[in-house]
Amino acid sequence: MLYISDLTKNYGSVTAVNHLTLHIPEGDLFGFVGPNGAGKTTTIRIVCGLLKASGGAVRIGGTNAAVGSRKMKRLIGYVPDFFGVYDNLKVREYMEMYGSMYGMSYRDIAKLTDDLLELVNLTDKKEVYVDTLSRGMKQRLCVARAMLHNPKLLFLDEPNSGLDPRARVEMKELLKNLRSMGKTIVISSHILSELSEMCNSIGIMNRGRLVAAGRIEDIMHELSGGTRIHIHIASGTEPAIRMLKEQAGVKVESVRENELIITYGGTDEEICALIGRMIQNEIVLTGFHREEGSLESLFMQLTGGAQ
């Protein structure tokens with residue numbers, strides 16, 4: 001869906017985005033993370049046509065139109081990290097104003113406004129003034145507005161910033177619903193735990209460069225040299241340790257009372273086979289589980305703990 005090739009943005013002698021190349025498949029819910037100043041927002045604004053790149057190319061689907069062109073902008077919905085002020089404008093009027101910018105008919109705007117307000121759970125706020133809405137409601141309204149022209153690609157820059165816990169849950173459910181509708185979504189956020197729950201893939205930027213991209217599990221597997229597995233043993237870990245050290249690709253990371261933590265570079269099928277061999281060797285297991293990848297630990301490892 002989104003193809004970014006060798007994208008660069010310079011501000012004098014400072015390079016904000018350094019030869020970024022990235023592909024986000026159609027239907028992905030992609031998390032864009034990195035320390036402050038890493039280049040995330042700059043990248044998003046370039047793709048959305050709000051900034052001019054110093055070099056590189058951007059393509060959305062089969063569209064090769066110039067970045068920032070009318071044709072390209074019709075493919076993109078953008079939810080910035082601030083809402084703006086709309087005094088004396090009702091929710092319905094707000095949607096009408098943006099629909100008119102895309103040359104939509106009043107009938108189409110009215111129909112889509114009803115559908116989108118229902119999607120973001122704001123149907124009862126249609127005749128309410130925008131500036132009286134809570135921050136969470138404004139964020140959901142901004143998503144509805146960004147969807148008005150039915151874009152293929154939706155960008156959200158820090159969508160949960162400043163929201164209370166309930167509003168964050170509502171936003172998370174909304175984004176999952178949009179993905180189920182086939183939308184490709186890119187989220188820039190500092191709330192890493194929420195990204196790991198929502199996103200099926202991520203990209204981590206640091207100092208203008210993309211340092212990792214893909215599924216969290218795949219990146220963790222590559223960095224650690226395998227999958228971390230916790231193995232619980234009924235009694236006595238020594239026989240298990242001796243047996244595991246003889247297995248190719250297995251590294252015993254730590255030994256606790258009746259528990260071993262190993263790293264194994266094998267596939268899921270090979271992990272199952274390894275556990276089977278332990279049972280065949282009369283090692284009594286009381287349980288085992290794969291260690292879930294932590295986006296926080298991955299972020300710290302790849303950015304050196306920068307914030």
# chains A, B, ... in the order shown; residues from 1 in each chain; ligands from 1
$ select_by_dssp --residues "segment 68-250 of chain A" --states "strand (DSSP E or B)" --output "number ranges by chain"
A: 76-79, 90, 129, 153-157, 184-188, 201-206, 209-214, 227-233, 250
$ residues_around --residues "segment 212-215 of chain A" --least-positions-apart "6" --cutoff "9 Å" --atoms "only C-alpha atoms" --output "PDB file with N, CA, C and O atoms, in the first residue's frame"
ATOM      1  N   LEU A  22      10.687   2.233   3.288  1.00  0.00           N
ATOM      2  CA  LEU A  22       9.712   1.492   4.093  1.00  0.00           C
ATOM      3  C   LEU A  22       8.544   1.068   3.214  1.00  0.00           C
ATOM      4  O   LEU A  22       8.082   1.829   2.364  1.00  0.00           O
ATOM      5  N   PHE A  30      -0.078  -0.192  11.445  1.00  0.00           N
ATOM      6  CA  PHE A  30       1.367  -0.048  11.589  1.00  0.00           C
ATOM      7  C   PHE A  30       1.684   1.008  12.656  1.00  0.00           C
ATOM      8  O   PHE A  30       1.184   2.128  12.603  1.00  0.00           O
ATOM      9  N   CYS A 199      -1.258  -2.929  17.090  1.00  0.00           N
ATOM     10  CA  CYS A 199      -0.586  -3.008  15.794  1.00  0.00           C
ATOM     11  C   CYS A 199      -0.114  -4.414  15.471  1.00  0.00           C
ATOM     12  O   CYS A 199       0.321  -5.151  16.353  1.00  0.00           O
ATOM     13  N   ASN A 200      -0.184  -4.768  14.183  1.00  0.00           N
ATOM     14  CA  ASN A 200       0.366  -6.056  13.764  1.00  0.00           C
ATOM     15  C   ASN A 200       1.795  -5.915  13.251  1.00  0.00           C
ATOM     16  O   ASN A 200       2.489  -6.894  13.057  1.00  0.00           O
ATOM     17  N   SER A 201       2.260  -4.665  13.051  1.00  0.00           N
ATOM     18  CA  SER A 201       3.647  -4.426  12.652  1.00  0.00           C
ATOM     19  C   SER A 201       4.071  -3.045  13.140  1.00  0.00           C
ATOM     20  O   SER A 201       3.229  -2.197  13.439  1.00  0.00           O
ATOM     21  N   ILE A 202       5.375  -2.834  13.228  1.00  0.00           N
ATOM     22  CA  ILE A 202       5.895  -1.563  13.723  1.00  0.00           C
ATOM     23  C   ILE A 202       7.118  -1.144  12.916  1.00  0.00           C
ATOM     24  O   ILE A 202       7.747  -1.956  12.232  1.00  0.00           O
ATOM     25  N   GLY A 203       7.454   0.126  13.018  1.00  0.00           N
ATOM     26  CA  GLY A 203       8.713   0.647  12.518  1.00  0.00           C
ATOM     27  C   GLY A 203       9.310   1.523  13.605  1.00  0.00           C
ATOM     28  O   GLY A 203       8.595   2.321  14.220  1.00  0.00           O
ATOM     29  N   ILE A 204      10.579   1.341  13.879  1.00  0.00           N
ATOM     30  CA  ILE A 204      11.248   2.124  14.922  1.00  0.00           C
ATOM     31  C   ILE A 204      12.281   3.040  14.280  1.00  0.00           C
ATOM     32  O   ILE A 204      13.165   2.577  13.555  1.00  0.00           O
ATOM     33  N   MET A 205      12.131   4.344  14.536  1.00  0.00           N
ATOM     34  CA  MET A 205      13.076   5.328  14.014  1.00  0.00           C
ATOM     35  C   MET A 205      13.957   5.851  15.128  1.00  0.00           C
ATOM     36  O   MET A 205      13.528   5.978  16.277  1.00  0.00           O
ATOM     37  N   LEU A 302      16.932  -0.791  20.760  1.00  0.00           N
ATOM     38  CA  LEU A 302      17.274  -0.251  19.436  1.00  0.00           C
ATOM     39  C   LEU A 302      17.589   1.236  19.442  1.00  0.00           C
ATOM     40  O   LEU A 302      18.249   1.732  18.528  1.00  0.00           O
TER      41      LEU A 302
END
$ closest_residue --among "A:Ser54, A:Gln139, A:Thr41, A:Thr286" --to "Ala234 of chain A" --atoms "only C-alpha atoms"
A:Thr286
$ residues_around --residues "Pro239 of chain A" --least-positions-apart "2" --cutoff "10 Å" --atoms "only C-alpha atoms" --output "compact mmCIF listing (two decimals) with all heavy atoms, in the first residue's frame"
# COMPACT_ATOMS: atom_id res chain seq x y z
N SER A 235 10.98 -31.55 39.15
CA SER A 235 12.05 -31.54 40.16
C SER A 235 13.38 -31.80 39.49
O SER A 235 13.48 -32.61 38.57
CB SER A 235 11.79 -32.60 41.24
OG SER A 235 11.80 -33.90 40.68
N GLY A 236 14.41 -31.11 39.96
CA GLY A 236 15.76 -31.33 39.45
C GLY A 236 15.96 -30.84 38.04
O GLY A 236 15.41 -31.42 37.09
N THR A 237 16.74 -29.80 37.88
CA THR A 237 16.95 -29.21 36.55
C THR A 237 18.18 -29.76 35.84
O THR A 237 18.33 -29.56 34.63
CB THR A 237 17.10 -27.68 36.68
OG1 THR A 237 18.22 -27.39 37.54
CG2 THR A 237 15.84 -27.04 37.21
N ILE A 241 19.15 -29.64 31.82
CA ILE A 241 20.23 -28.76 31.36
C ILE A 241 21.20 -29.54 30.48
O ILE A 241 21.61 -29.08 29.41
CB ILE A 241 20.96 -28.13 32.56
CG1 ILE A 241 20.04 -27.17 33.30
CG2 ILE A 241 22.23 -27.40 32.09
CD1 ILE A 241 20.62 -26.62 34.59
N ARG A 242 21.58 -30.75 30.93
CA ARG A 242 22.52 -31.57 30.15
C ARG A 242 21.92 -31.90 28.79
O ARG A 242 22.61 -31.82 27.76
CB ARG A 242 22.85 -32.85 30.92
CG ARG A 242 23.75 -32.65 32.12
CD ARG A 242 24.33 -33.98 32.59
NE ARG A 242 23.27 -34.90 32.98
CZ ARG A 242 22.80 -35.00 34.23
NH1 ARG A 242 23.29 -34.21 35.18
NH2 ARG A 242 21.85 -35.87 34.52
N MET A 243 20.66 -32.25 28.77
CA MET A 243 20.01 -32.63 27.51
C MET A 243 19.90 -31.42 26.57
O MET A 243 20.20 -31.51 25.38
CB MET A 243 18.62 -33.21 27.81
CG MET A 243 17.85 -33.64 26.57
SD MET A 243 16.57 -32.43 26.20
CE MET A 243 15.91 -33.08 24.67
N LEU A 244 19.52 -30.28 27.10
CA LEU A 244 19.33 -29.08 26.27
C LEU A 244 20.64 -28.58 25.69
O LEU A 244 20.68 -28.08 24.56
CB LEU A 244 18.65 -27.98 27.09
CG LEU A 244 17.17 -28.21 27.42
CD1 LEU A 244 16.67 -27.20 28.44
CD2 LEU A 244 16.32 -28.15 26.15
N MET A 278 12.32 -33.73 25.24
CA MET A 278 12.51 -33.65 26.69
C MET A 278 11.62 -34.66 27.40
O MET A 278 12.06 -35.36 28.33
CB MET A 278 12.20 -32.24 27.18
CG MET A 278 13.15 -31.17 26.68
SD MET A 278 12.82 -29.52 27.36
CE MET A 278 13.36 -29.75 29.07
N ASN A 281 12.88 -38.11 27.04
CA ASN A 281 14.04 -38.34 27.92
C ASN A 281 13.64 -38.40 29.39
O ASN A 281 14.48 -38.24 30.28
CB ASN A 281 15.08 -37.23 27.71
CG ASN A 281 15.96 -37.49 26.51
OD1 ASN A 281 17.01 -38.11 26.60
ND2 ASN A 281 15.52 -37.00 25.35
N GLU A 282 12.32 -38.58 29.62
CA GLU A 282 11.77 -38.76 30.98
C GLU A 282 12.00 -37.55 31.88
O GLU A 282 12.16 -37.68 33.10
CB GLU A 282 12.33 -40.03 31.63
CG GLU A 282 11.99 -41.28 30.84
CD GLU A 282 12.49 -42.54 31.51
OE1 GLU A 282 13.29 -42.43 32.47
OE2 GLU A 282 12.08 -43.63 31.07
N ILE A 283 12.03 -36.38 31.26
CA ILE A 283 12.07 -35.14 32.03
C ILE A 283 10.62 -34.70 32.23
O ILE A 283 9.89 -34.45 31.27
CB ILE A 283 12.87 -34.04 31.30
CG1 ILE A 283 14.32 -34.49 31.12
CG2 ILE A 283 12.78 -32.71 32.03
CD1 ILE A 283 15.13 -33.59 30.22
$ residues_around --residues "Ala167 of chain A" --least-positions-apart "3" --cutoff "10 Å" --atoms "only C-alpha atoms" --output "number ranges by chain"
A: 134-137, 139-140, 160, 162-164, 170-173
